[in-house]
$ cat query_7.csv   # CSV, C-alpha atoms
chain,number,residue,atom,x,y,z
Z,28,GLU,CA,0.0,0.0,0.0
Z,29,ILE,CA,2.8,2.4,0.8
Z,30,ALA,CA,4.5,1.6,-2.5
Z,31,ALA,CA,1.3,2.2,-4.4
Z,32,LEU,CA,0.7,5.5,-2.6
Z,33,ARG,CA,4.2,6.7,-3.4
Z,34,ALA,CA,3.8,5.8,-7.0
Z,35,GLU,CA,0.5,7.6,-7.2
Z,36,ILE,CA,1.9,10.8,-5.7
Z,37,HIS,CA,5.2,10.6,-7.7
Z,38,GLY,CA,3.2,10.4,-10.9
Z,39,ALA,CA,1.0,13.3,-10.2
Z,40,GLN,CA,0.8,16.1,-12.7
Z,41,MET,CA,-0.7,19.6,-12.1
Z,42,PRO,CA,-3.9,20.2,-14.1
Z,43,PRO,CA,-3.4,23.0,-16.7
Z,44,SER,CA,-6.2,25.1,-15.2
Z,45,VAL,CA,-4.5,25.0,-11.8
Z,46,ALA,CA,-1.1,25.8,-13.2
Z,47,GLU,CA,-2.7,28.8,-15.0
Z,48,ALA,CA,-4.2,30.0,-11.7
Z,49,LEU,CA,-0.8,29.8,-10.0
Z,50,ALA,CA,0.8,31.6,-12.9
Z,51,ALA,CA,-1.6,34.4,-12.3
Z,52,VAL,CA,-0.6,34.5,-8.6
Z,53,GLY,CA,3.0,35.0,-9.8
Z,54,ASP,CA,6.3,33.1,-9.3
Z,55,ASP,CA,7.4,35.9,-6.9
Z,56,ALA,CA,4.5,35.3,-4.5
Z,57,PRO,CA,5.4,34.1,-1.0
Z,58,PRO,CA,5.4,30.2,-0.9
Z,59,LEU,CA,2.6,30.1,1.7
Z,60,LEU,CA,0.4,32.2,-0.6
Z,61,ARG,CA,1.1,29.9,-3.5
Z,62,LEU,CA,0.0,26.9,-1.4
Z,63,ALA,CA,-3.2,28.8,-0.3
Z,64,ALA,CA,-4.0,29.8,-3.9
Z,65,LEU,CA,-3.7,26.2,-5.0
Z,66,MET,CA,-6.7,25.1,-3.0
Z,67,PRO,CA,-9.6,26.9,-4.6
Z,68,SER,CA,-8.2,26.3,-8.1
Z,69,LEU,CA,-7.8,22.6,-7.4
Z,70,ALA,CA,-11.3,22.5,-5.9
Z,71,ALA,CA,-12.7,24.1,-9.0
Z,72,TRP,CA,-10.9,21.6,-11.3
Z,73,ASP,CA,-12.0,18.7,-9.1
Z,74,ARG,CA,-15.7,19.7,-9.5
Z,75,ARG,CA,-15.4,18.9,-13.2
Z,76,GLN,CA,-14.0,15.5,-12.7
Z,77,PRO,CA,-15.7,12.2,-11.9
Z,78,PRO,CA,-16.7,12.0,-8.2
Z,79,ARG,CA,-13.9,10.8,-6.0
Z,80,THR,CA,-13.8,9.7,-2.3
Z,81,ARG,CA,-12.4,11.8,0.5
Z,82,ILE,CA,-9.3,9.6,0.6
Z,83,ASP,CA,-8.7,10.2,-3.1
Z,84,ARG,CA,-9.1,13.9,-2.5
Z,85,ALA,CA,-6.6,13.7,0.3
Z,86,LYS,CA,-4.1,12.0,-2.0
Z,87,LEU,CA,-4.8,14.7,-4.7
Z,88,ILE,CA,-4.1,17.5,-2.2
Z,89,ILE,CA,-0.9,15.9,-0.9
Z,90,SER,CA,0.4,15.3,-4.4
Z,91,GLN,CA,-0.2,18.8,-5.6
Z,92,LEU,CA,1.2,20.8,-2.7
Z,93,PRO,CA,4.9,20.3,-3.5
Z,94,LEU,CA,4.2,21.0,-7.2
Z,95,ALA,CA,2.9,24.4,-6.2
Z,96,LEU,CA,6.4,25.3,-4.9
Z,97,ALA,CA,8.3,23.9,-7.9
Z,98,GLN,CA,9.2,27.0,-10.0
Z,99,PRO,CA,8.4,26.7,-13.7
Z,100,PRO,CA,11.4,27.0,-16.1
Z,101,ALA,CA,12.2,30.4,-17.5
Z,102,PRO,CA,11.4,31.1,-21.1
Z,103,GLY,CA,13.8,29.4,-23.4
Z,104,MET,CA,15.2,27.2,-20.6
Z,105,PRO,CA,14.8,23.4,-20.4
Z,106,GLY,CA,11.9,22.1,-18.2
Z,107,GLY,CA,12.1,20.4,-14.9
Z,108,PRO,CA,11.3,21.1,-11.3
Z,109,GLY,CA,13.0,23.9,-9.5
Z,110,MET,CA,14.8,23.9,-6.1
Z,111,ALA,CA,11.8,22.8,-4.2
Z,112,GLY,CA,10.9,20.1,-6.6
Z,113,ARG,CA,14.5,18.8,-6.8
Z,114,LEU,CA,14.7,18.3,-3.0
Z,115,LEU,CA,11.1,17.1,-2.5
Z,116,GLY,CA,12.1,13.7,-3.8
Z,117,TRP,CA,8.6,12.6,-4.9
Z,118,VAL,CA,8.4,15.3,-7.7
Z,119,PRO,CA,9.0,13.7,-11.1
Z,120,GLY,CA,12.5,14.5,-12.4
Z,121,SER,CA,13.9,14.9,-8.9
Z,122,THR,CA,17.7,14.7,-8.7
Z,123,ALA,CA,17.7,14.6,-4.9
Z,124,SER,CA,20.2,12.2,-3.2
Z,125,ASP,CA,18.9,9.6,-0.8
Z,126,TRP,CA,20.3,11.4,2.2
Z,127,GLU,CA,18.5,14.7,1.2
Z,128,VAL,CA,15.2,12.8,0.8
Z,129,GLU,CA,15.7,11.1,4.2
Z,130,ALA,CA,16.5,14.4,5.9
Z,131,LEU,CA,13.5,16.1,4.4
Z,132,ASN,CA,11.3,13.2,5.3
Z,133,ARG,CA,12.3,13.5,8.9
Z,134,VAL,CA,11.5,17.2,8.8
Z,135,LEU,CA,8.1,16.6,7.3
Z,136,ASN,CA,7.3,13.8,9.9
Z,137,ALA,CA,8.2,16.1,12.7
Z,138,CYS,CA,5.8,18.7,11.4
Z,139,ALA,CA,2.9,16.3,10.6
Z,140,GLU,CA,0.9,16.4,13.8
Z,141,HIS,CA,0.7,18.4,17.0
Z,142,GLU,CA,-2.9,18.3,18.3
Z,143,LEU,CA,-5.1,21.3,18.2
Z,144,ASN,CA,-3.0,24.3,17.4
Z,145,ALA,CA,-4.6,27.2,15.5
Z,146,SER,CA,-4.3,25.8,12.0
Z,147,THR,CA,-5.5,22.3,12.9
Z,148,PHE,CA,-8.4,23.7,14.9
Z,149,ALA,CA,-9.3,25.9,12.0
Z,150,ALA,CA,-9.3,22.9,9.7
Z,151,ARG,CA,-11.4,20.9,12.1
Z,152,VAL,CA,-14.0,23.7,12.6
Z,153,VAL,CA,-14.4,24.0,8.8
Z,154,ALA,CA,-14.7,20.2,8.4
Z,155,SER,CA,-17.4,20.2,11.1
Z,156,THR,CA,-19.6,22.3,8.8
Z,157,GLY,CA,-19.4,19.5,6.2
Z,158,ALA,CA,-17.2,21.6,3.9
Z,159,ASP,CA,-14.8,19.5,1.7
Z,160,LEU,CA,-11.1,18.9,2.3
Z,161,PHE,CA,-10.1,21.7,0.0
Z,162,ALA,CA,-11.9,24.2,2.2
Z,163,SER,CA,-10.6,22.6,5.3
Z,164,VAL,CA,-6.9,22.7,4.2
Z,165,LEU,CA,-7.4,26.2,2.9
Z,166,SER,CA,-8.6,27.5,6.2
Z,167,ALA,CA,-5.5,25.9,7.9
Z,168,LEU,CA,-3.2,27.5,5.4
Z,169,CYS,CA,-4.9,30.9,5.9
Z,170,SER,CA,-4.3,30.7,9.6
Z,171,LEU,CA,-0.6,30.3,8.9
Z,172,SER,CA,-0.5,33.7,7.3
Z,173,GLY,CA,-0.8,35.3,10.7
Z,174,PRO,CA,2.6,36.2,12.2
Z,175,ILE,CA,1.7,34.7,15.6
Z,176,HIS,CA,1.2,31.2,14.2
Z,177,GLY,CA,3.1,31.0,11.0
Z,178,GLY,CA,5.5,33.9,11.1
Z,179,ALA,CA,8.2,32.4,13.5
Z,180,CYS,CA,10.2,30.9,10.7
Z,181,ASP,CA,10.5,34.3,8.9
Z,182,ARG,CA,11.7,36.0,12.1
Z,183,ILE,CA,14.2,33.2,12.6
Z,184,GLU,CA,15.5,33.7,9.1
Z,185,ALA,CA,15.8,37.4,9.6
Z,186,MET,CA,17.8,36.8,12.8
Z,187,PHE,CA,20.2,34.5,10.9
Z,188,ALA,CA,20.5,37.1,8.1
Z,189,GLU,CA,21.7,39.6,10.7
Z,190,LEU,CA,24.2,37.2,12.1
Z,191,GLU,CA,25.5,36.3,8.6
Z,192,SER,CA,26.0,40.1,7.9
Z,193,GLY,CA,28.3,40.3,10.8
Z,194,ALA,CA,26.1,41.0,13.9
Z,195,ARG,CA,27.1,39.3,17.1
Z,196,VAL,CA,24.8,36.8,18.8
Z,197,ASP,CA,24.7,38.8,22.0
Z,198,GLU,CA,23.8,42.0,20.1
Z,199,CYS,CA,20.9,40.3,18.4
Z,200,LEU,CA,19.6,38.8,21.6
Z,201,ALA,CA,19.9,42.1,23.4
Z,202,VAL,CA,17.4,43.6,20.9
Z,203,PHE,CA,14.8,41.0,21.9
Z,204,THR,CA,15.4,41.6,25.6
Z,205,ARG,CA,15.2,45.4,25.1
Z,206,ASP,CA,11.9,45.1,23.2
Z,207,HIS,CA,10.5,42.5,25.7
Z,208,ARG,CA,10.2,39.9,23.1
Z,209,LEU,CA,11.2,36.2,23.1
Z,210,PRO,CA,14.0,35.2,20.7
Z,211,PRO,CA,12.2,33.7,17.7
Z,212,GLY,CA,12.2,29.9,17.7
Z,213,PHE,CA,12.5,29.5,21.5
Z,214,GLY,CA,10.1,28.6,24.2
Z,215,HIS,CA,6.9,26.6,23.9
Z,216,ALA,CA,3.9,26.6,26.3
Z,217,ILE,CA,3.4,22.8,26.1
Z,218,TYR,CA,7.1,22.0,26.5
Z,219,PRO,CA,8.7,23.9,29.4
Z,220,ASP,CA,11.5,21.3,29.5
Z,221,GLY,CA,12.2,21.5,25.8
Z,222,ASP,CA,10.4,20.6,22.5
Z,223,PRO,CA,11.2,17.0,21.6
Z,224,ARG,CA,10.7,17.8,17.9
Z,225,ALA,CA,13.5,20.3,18.1
Z,226,ALA,CA,15.8,17.7,19.6
Z,227,LEU,CA,15.0,15.4,16.7
Z,228,LEU,CA,15.6,18.1,14.1
Z,229,ARG,CA,18.8,19.2,15.8
Z,230,GLN,CA,20.1,15.7,15.0
Z,231,VAL,CA,18.9,16.0,11.4
Z,232,ALA,CA,20.7,19.4,11.1
Z,233,GLN,CA,23.9,17.9,12.5
Z,234,SER,CA,23.7,15.1,9.9
Z,235,ILE,CA,23.2,17.6,7.1
Z,236,ALA,CA,26.1,19.6,8.3
Z,237,LYS,CA,28.4,16.7,7.7
Z,238,ARG,CA,27.6,16.9,4.0
Z,239,ARG,CA,26.8,20.6,3.4
Z,240,GLY,CA,29.2,22.4,5.7
Z,241,ARG,CA,28.8,23.3,9.4
Z,242,ARG,CA,28.6,27.1,9.3
Z,243,LEU,CA,24.8,27.5,9.7
Z,244,PHE,CA,24.6,24.6,12.2
Z,245,GLU,CA,27.4,26.0,14.3
Z,246,THR,CA,25.7,29.5,14.3
Z,247,ALA,CA,22.4,27.9,15.4
Z,248,PHE,CA,24.2,26.0,18.1
Z,249,ARG,CA,25.8,29.2,19.4
Z,250,VAL,CA,22.4,30.9,19.4
Z,251,GLU,CA,20.8,28.0,21.3
Z,252,GLY,CA,23.5,28.2,23.9
Z,253,ALA,CA,23.3,31.9,24.4
Z,254,VAL,CA,19.5,31.9,24.7
Z,255,SER,CA,19.7,29.0,27.2
Z,256,LYS,CA,22.1,31.1,29.3
Z,257,ARG,CA,20.3,34.4,29.0
Z,258,GLU,CA,16.6,33.3,29.0
Z,259,ARG,CA,16.6,29.7,30.2
Z,260,LEU,CA,14.7,28.8,27.1
Z,261,ARG,CA,15.1,25.9,24.7
Z,262,PRO,CA,14.5,25.8,21.0
Z,263,ASN,CA,11.1,24.8,19.6
Z,264,LEU,CA,10.3,23.1,16.3
Z,265,ASP,CA,10.4,26.3,14.3
Z,266,PHE,CA,14.1,26.9,15.1
Z,267,TYR,CA,15.6,23.7,13.9
Z,268,LEU,CA,13.0,23.3,11.1
Z,269,THR,CA,14.3,26.6,9.7
Z,270,VAL,CA,17.9,25.5,10.1
Z,271,CYS,CA,17.3,22.2,8.4
Z,272,VAL,CA,15.4,23.6,5.5
Z,273,ARG,CA,18.0,26.3,4.8
Z,274,MET,CA,20.9,23.9,5.1
Z,275,LEU,CA,19.2,21.7,2.5
Z,276,GLY,CA,19.5,24.6,0.1
Z,277,PHE,CA,16.0,26.0,0.0
Z,278,PRO,CA,15.6,29.8,-0.4
Z,279,ARG,CA,14.3,32.1,2.2
Z,280,ALA,CA,10.5,32.0,3.1
Z,281,MET,CA,10.5,28.2,2.4
Z,282,PRO,CA,10.6,26.8,5.9
Z,283,ALA,CA,7.1,27.8,6.7
Z,284,ALA,CA,5.9,26.3,3.5
Z,285,ILE,CA,7.7,23.1,4.2
Z,286,PHE,CA,6.0,23.0,7.6
Z,287,ALA,CA,2.6,23.5,5.8
Z,288,ILE,CA,3.3,20.6,3.5
Z,289,GLY,CA,4.2,18.3,6.4
Z,290,ARG,CA,1.3,19.5,8.5
Z,291,ALA,CA,-1.2,19.1,5.7
Z,292,SER,CA,-1.3,15.3,6.3
Z,293,GLY,CA,-2.2,16.1,9.9
Z,294,TRP,CA,-4.9,18.6,8.9
Z,295,ILE,CA,-6.4,16.1,6.6
Z,296,ALA,CA,-6.3,13.3,9.2
Z,297,HIS,CA,-8.1,15.6,11.7
Z,298,ALA,CA,-10.7,16.5,9.0
Z,299,LEU,CA,-11.3,12.9,8.2
Z,300,GLU,CA,-11.7,12.1,11.8
Z,301,GLN,CA,-14.2,15.0,12.2
Z,302,TYR,CA,-16.2,13.7,9.2
Z,303,SER,CA,-16.4,10.2,10.7
Z,304,ASP,CA,-18.2,11.3,13.9
Z,305,ASN,CA,-19.3,14.8,13.2
Z,306,ARG,CA,-20.8,17.4,15.4
Z,307,LEU,CA,-20.7,21.1,14.5
Z,308,ILE,CA,-18.0,22.8,16.5
Z,309,ARG,CA,-19.7,25.8,17.9
Z,310,PRO,CA,-18.0,27.2,21.1
Z,311,ARG,CA,-19.9,29.6,23.3
Z,312,MET,CA,-18.8,33.0,24.5
Z,313,ARG,CA,-19.5,34.5,27.9
Z,314,TYR,CA,-20.6,38.1,27.7
Z,315,ARG,CA,-18.8,40.3,30.2
Z,316,GLY,CA,-19.9,43.7,29.0
Z,317,ALA,CA,-22.5,46.2,30.3
Z,318,PRO,CA,-25.6,44.9,32.1
Z,319,LEU,CA,-28.6,44.0,30.0
Z,320,ARG,CA,-30.5,47.0,28.8
Z,321,HIS,CA,-34.0,47.2,27.2
Z,322,TRP,CA,-34.6,49.3,24.2
Z,323,GLU,CA,-37.7,51.5,24.4
$ encode --input "query_7.csv" --output "structure tokens"
Amino acid sequence: EIAALRAEIHGAQMPPSVAEALAAVGDDAPPLLRLAALMPSLAAWDRRQPPRTRIDRAKLIISQLPLALAQPPAPGMPGGPGMAGRLLGWVPGSTASDWEVEALNRVLNACAEHELNASTFAARVVASTGADLFASVLSALCSLSGPIHGGACDRIEAMFAELESGARVDECLAVFTRDHRLPPGFGHAIYPDGDPRAALLRQVAQSIAKRRGRRLFETAFRVEGAVSKRERLRPNLDFYLTVCVRMLGFPRAMPAAIFAIGRASGWIAHALEQYSDNRLIRPRMRYRGAPLRHWE
């Protein structure tokens, strides 16, 4: 079954109408925006196809997400997937080595599921209305556009850019302390003793460093040590996710999109679970305003 699933995903092609919709969005659009734009165009295309099961729709979504990040060839240049497609080993024509595929698989697995965070809850609420998987995944992707949930990777990349331009670690961290902000990629409410996903991805980053150079990994390790000493905080998933994705050669703004591709399997699993024993998710609010008044 696994082999058949891999073959089905590997052989996926993007429908022309979906490719046209993404072309209208523009190659320079942020990766998360391209993923979000994929969903309504894919849903519109699917409506014109023979009916398919939810599981088949799930496989369709999973197979199309990485294709949305593979940059098309420039005019006059030979075809083939771009940087994202090359490293995401299931994309046809990939030249990724086995160790690259294994490292990225570990990253995707670490991202796949984490209970009811904002994006997963959004996906589950939408699924509870009976909306399809396209709408459910789109709602989750939209929640990642907010800086509080999906913006940590961008802030981590900005911090590394400052360090690469010559800033010292203590100078960068002093800015966060002055502004009463936590260093990006550190601390997690659920894991006061450290995020186990970060520990896993630290090992992945270390293995990548043996083949790609140690500069970024050593910088990350210095930042981790300095934050631990200053703030008594440990890294969370976002920190070493960003390190791994950048060390694998992806451009800036890709770590959050790689997170979304990994988490999409979790969003879909939650939606399928919601469908199987559904009840509309409708929380209540407690009014704490002025006392009740009657209109005359």
$ atom_distance --input "query_7.csv" --atom1 "CA of Ile89 (chain Z)" --atom2 "CA of Ile308 (chain Z)"
25.4 Å
$ closest_residue --input "query_7.csv" --among "Z:Leu299, Z:Ala46, Z:Leu268, Z:Ile36" --to "Val134 (chain Z)" --atoms "only C-alpha atoms"
Z:Leu268
$ residues_around --input "query_7.csv" --residues "Tyr267 (chain Z)" --least-positions-apart "6" --cutoff "9 Å" --atoms "all atoms listed in the file" --output "list of chain:residue names"
Z:Gly212, Z:Arg224, Z:Ala225, Z:Ala226, Z:Leu227, Z:Leu228, Z:Arg229, Z:Val231, Z:Ala232, Z:Ala247
$ residues_around --input "query_7.csv" --residues "Leu59 (chain Z)" --least-positions-apart "5" --cutoff "8 Å" --atoms "all atoms listed in the file" --output "short mmCIF file (atom, residue, chain, number, x, y, z; two decimals) with C-alpha atoms, keeping the file's coordinate frame"
data_model
loop_
_atom_site.label_atom_id
_atom_site.label_comp_id
_atom_site.auth_asym_id
_atom_site.auth_seq_id
_atom_site.Cartn_x
_atom_site.Cartn_y
_atom_site.Cartn_z
CA LEU Z 168 -3.20 27.50 5.40
CA LEU Z 171 -0.60 30.30 8.90
CA SER Z 172 -0.50 33.70 7.30
CA ALA Z 283 7.10 27.80 6.70
CA ALA Z 284 5.90 26.30 3.50
CA ALA Z 287 2.60 23.50 5.80
#
$ closest_residue --input "query_7.csv" --among "Z:Glu184, Z:Leu319, Z:Ala296, Z:Asp304" --to "Pro282 (chain Z)" --atoms "all atoms listed in the file"
Z:Glu184
$ atom_distance --input "query_7.csv" --atom1 "CA of Ala188 (chain Z)" --atom2 "CA of Arg279 (chain Z)"
9.9 Å
$ closest_residue --input "query_7.csv" --among "Z:Arg311, Z:Arg74, Z:Arg133, Z:Arg259" --to "Ile235 (chain Z)" --atoms "all atoms listed in the file"
Z:Arg133
$ atom_distance --input "query_7.csv" --atom1 "CA of Thr246 (chain Z)" --atom2 "CA of Arg205 (chain Z)"
21.9 Å
$ closest_residue --input "query_7.csv" --among "Z:Pro210, Z:Pro278, Z:Gly221, Z:Pro58" --to "Glu258 (chain Z)" --atoms "all atoms listed in the file"
Z:Pro210
$ residues_around --input "query_7.csv" --residues "Arg61 (chain Z)" --least-positions-apart "4" --cutoff "10 Å" --atoms "only C-alpha atoms" --output "compact mmCIF listing (two decimals) with C-alpha atoms, in the frame of the given file"
# COMPACT_ATOMS: atom_id res chain seq x y z
CA ALA Z 48 -4.20 30.00 -11.70
CA LEU Z 49 -0.80 29.80 -10.00
CA ALA Z 50 0.80 31.60 -12.90
CA VAL Z 52 -0.60 34.50 -8.60
CA GLY Z 53 3.00 35.00 -9.80
CA ASP Z 54 6.30 33.10 -9.30
CA ASP Z 55 7.40 35.90 -6.90
CA ALA Z 56 4.50 35.30 -4.50
CA PRO Z 57 5.40 34.10 -1.00
CA LEU Z 65 -3.70 26.20 -5.00
CA MET Z 66 -6.70 25.10 -3.00
CA LEU Z 92 1.20 20.80 -2.70
CA ALA Z 95 2.90 24.40 -6.20
CA LEU Z 96 6.40 25.30 -4.90
CA ALA Z 284 5.90 26.30 3.50
$ closest_residue --input "query_7.csv" --among "Z:His37, Z:Arg257, Z:His215, Z:Arg238" --to "Leu94 (chain Z)" --atoms "only C-alpha atoms"
Z:His37
$ closest_residue --input "query_7.csv" --among "Z:Phe187, Z:Phe244, Z:Tyr302, Z:Tyr218" --to "Arg151 (chain Z)" --atoms "all atoms listed in the file"
Z:Tyr302
$ residues_around --input "query_7.csv" --residues "region 158-160 of chain Z" --least-positions-apart "4" --cutoff "12 Å" --atoms "all atoms listed in the file" --output "mmCIF file with C-alpha atoms, in the coordinates of the input"
data_model
loop_
_atom_site.group_PDB
_atom_site.id
_atom_site.type_symbol
_atom_site.label_atom_id
_atom_site.label_comp_id
_atom_site.auth_asym_id
_atom_site.auth_seq_id
_atom_site.Cartn_x
_atom_site.Cartn_y
_atom_site.Cartn_z
ATOM 1 C CA MET Z 66 -6.700 25.100 -3.000
ATOM 2 C CA PRO Z 67 -9.600 26.900 -4.600
ATOM 3 C CA LEU Z 69 -7.800 22.600 -7.400
ATOM 4 C CA ALA Z 70 -11.300 22.500 -5.900
ATOM 5 C CA ALA Z 71 -12.700 24.100 -9.000
ATOM 6 C CA ASP Z 73 -12.000 18.700 -9.100
ATOM 7 C CA ARG Z 74 -15.700 19.700 -9.500
ATOM 8 C CA ARG Z 79 -13.900 10.800 -6.000
ATOM 9 C CA THR Z 80 -13.800 9.700 -2.300
ATOM 10 C CA ARG Z 81 -12.400 11.800 0.500
ATOM 11 C CA ILE Z 82 -9.300 9.600 0.600
ATOM 12 C CA ASP Z 83 -8.700 10.200 -3.100
ATOM 13 C CA ARG Z 84 -9.100 13.900 -2.500
ATOM 14 C CA ALA Z 85 -6.600 13.700 0.300
ATOM 15 C CA LYS Z 86 -4.100 12.000 -2.000
ATOM 16 C CA LEU Z 87 -4.800 14.700 -4.700
ATOM 17 C CA ILE Z 88 -4.100 17.500 -2.200
ATOM 18 C CA ILE Z 89 -0.900 15.900 -0.900
ATOM 19 C CA ALA Z 150 -9.300 22.900 9.700
ATOM 20 C CA ARG Z 151 -11.400 20.900 12.100
ATOM 21 C CA VAL Z 152 -14.000 23.700 12.600
ATOM 22 C CA VAL Z 153 -14.400 24.000 8.800
ATOM 23 C CA ALA Z 154 -14.700 20.200 8.400
ATOM 24 C CA VAL Z 164 -6.900 22.700 4.200
ATOM 25 C CA LEU Z 165 -7.400 26.200 2.900
ATOM 26 C CA SER Z 166 -8.600 27.500 6.200
ATOM 27 C CA ALA Z 167 -5.500 25.900 7.900
ATOM 28 C CA ALA Z 291 -1.200 19.100 5.700
ATOM 29 C CA SER Z 292 -1.300 15.300 6.300
ATOM 30 C CA TRP Z 294 -4.900 18.600 8.900
ATOM 31 C CA ILE Z 295 -6.400 16.100 6.600
ATOM 32 C CA ALA Z 296 -6.300 13.300 9.200
ATOM 33 C CA HIS Z 297 -8.100 15.600 11.700
ATOM 34 C CA ALA Z 298 -10.700 16.500 9.000
ATOM 35 C CA LEU Z 299 -11.300 12.900 8.200
ATOM 36 C CA GLU Z 300 -11.700 12.100 11.800
ATOM 37 C CA GLN Z 301 -14.200 15.000 12.200
ATOM 38 C CA TYR Z 302 -16.200 13.700 9.200
ATOM 39 C CA ASN Z 305 -19.300 14.800 13.200
ATOM 40 C CA LEU Z 307 -20.700 21.100 14.500
#
$ build_atoms --input "query_7.csv" --residues "region 195-208 of chain Z" --atoms "N, CA and C atoms" --output "PDB file, in the coordinates of the input"
ATOM      1  N   ARG Z 195      26.751  40.233  16.072  1.00  0.00           N
ATOM      2  CA  ARG Z 195      27.100  39.300  17.100  1.00  0.00           C
ATOM      3  C   ARG Z 195      25.860  38.688  17.725  1.00  0.00           C
ATOM      4  N   VAL Z 196      25.991  37.452  18.222  1.00  0.00           N
ATOM      5  CA  VAL Z 196      24.800  36.800  18.800  1.00  0.00           C
ATOM      6  C   VAL Z 196      24.288  37.572  19.986  1.00  0.00           C
ATOM      7  N   ASP Z 197      25.163  38.049  20.870  1.00  0.00           N
ATOM      8  CA  ASP Z 197      24.700  38.800  22.000  1.00  0.00           C
ATOM      9  C   ASP Z 197      24.005  40.091  21.663  1.00  0.00           C
ATOM     10  N   GLU Z 198      24.460  40.723  20.565  1.00  0.00           N
ATOM     11  CA  GLU Z 198      23.800  42.000  20.100  1.00  0.00           C
ATOM     12  C   GLU Z 198      22.400  41.678  19.618  1.00  0.00           C
ATOM     13  N   CYS Z 199      22.229  40.609  18.845  1.00  0.00           N
ATOM     14  CA  CYS Z 199      20.900  40.300  18.400  1.00  0.00           C
ATOM     15  C   CYS Z 199      19.951  39.951  19.517  1.00  0.00           C
ATOM     16  N   LEU Z 200      20.425  39.169  20.473  1.00  0.00           N
ATOM     17  CA  LEU Z 200      19.600  38.800  21.600  1.00  0.00           C
ATOM     18  C   LEU Z 200      19.247  39.970  22.484  1.00  0.00           C
ATOM     19  N   ALA Z 201      20.182  40.929  22.574  1.00  0.00           N
ATOM     20  CA  ALA Z 201      19.900  42.100  23.400  1.00  0.00           C
ATOM     21  C   ALA Z 201      18.752  42.916  22.860  1.00  0.00           C
ATOM     22  N   VAL Z 202      18.559  42.928  21.535  1.00  0.00           N
ATOM     23  CA  VAL Z 202      17.400  43.600  20.900  1.00  0.00           C
ATOM     24  C   VAL Z 202      16.115  43.033  21.387  1.00  0.00           C
ATOM     25  N   PHE Z 203      16.042  41.710  21.412  1.00  0.00           N
ATOM     26  CA  PHE Z 203      14.800  41.000  21.900  1.00  0.00           C
ATOM     27  C   PHE Z 203      14.543  41.344  23.329  1.00  0.00           C
ATOM     28  N   THR Z 204      15.589  41.345  24.131  1.00  0.00           N
ATOM     29  CA  THR Z 204      15.400  41.600  25.600  1.00  0.00           C
ATOM     30  C   THR Z 204      14.951  43.083  25.756  1.00  0.00           C
ATOM     31  N   ARG Z 205      15.538  44.002  25.009  1.00  0.00           N
ATOM     32  CA  ARG Z 205      15.200  45.400  25.100  1.00  0.00           C
ATOM     33  C   ARG Z 205      13.700  45.636  24.744  1.00  0.00           C
ATOM     34  N   ASP Z 206      13.241  44.914  23.707  1.00  0.00           N
ATOM     35  CA  ASP Z 206      11.900  45.100  23.200  1.00  0.00           C
ATOM     36  C   ASP Z 206      10.877  44.170  23.937  1.00  0.00           C
ATOM     37  N   HIS Z 207      11.349  43.468  24.968  1.00  0.00           N
ATOM     38  CA  HIS Z 207      10.500  42.500  25.700  1.00  0.00           C
ATOM     39  C   HIS Z 207       9.850  41.495  24.838  1.00  0.00           C
ATOM     40  N   ARG Z 208      10.673  40.941  23.941  1.00  0.00           N
ATOM     41  CA  ARG Z 208      10.200  39.900  23.100  1.00  0.00           C
ATOM     42  C   ARG Z 208      11.087  38.647  23.250  1.00  0.00           C
TER      43      ARG Z 208
END
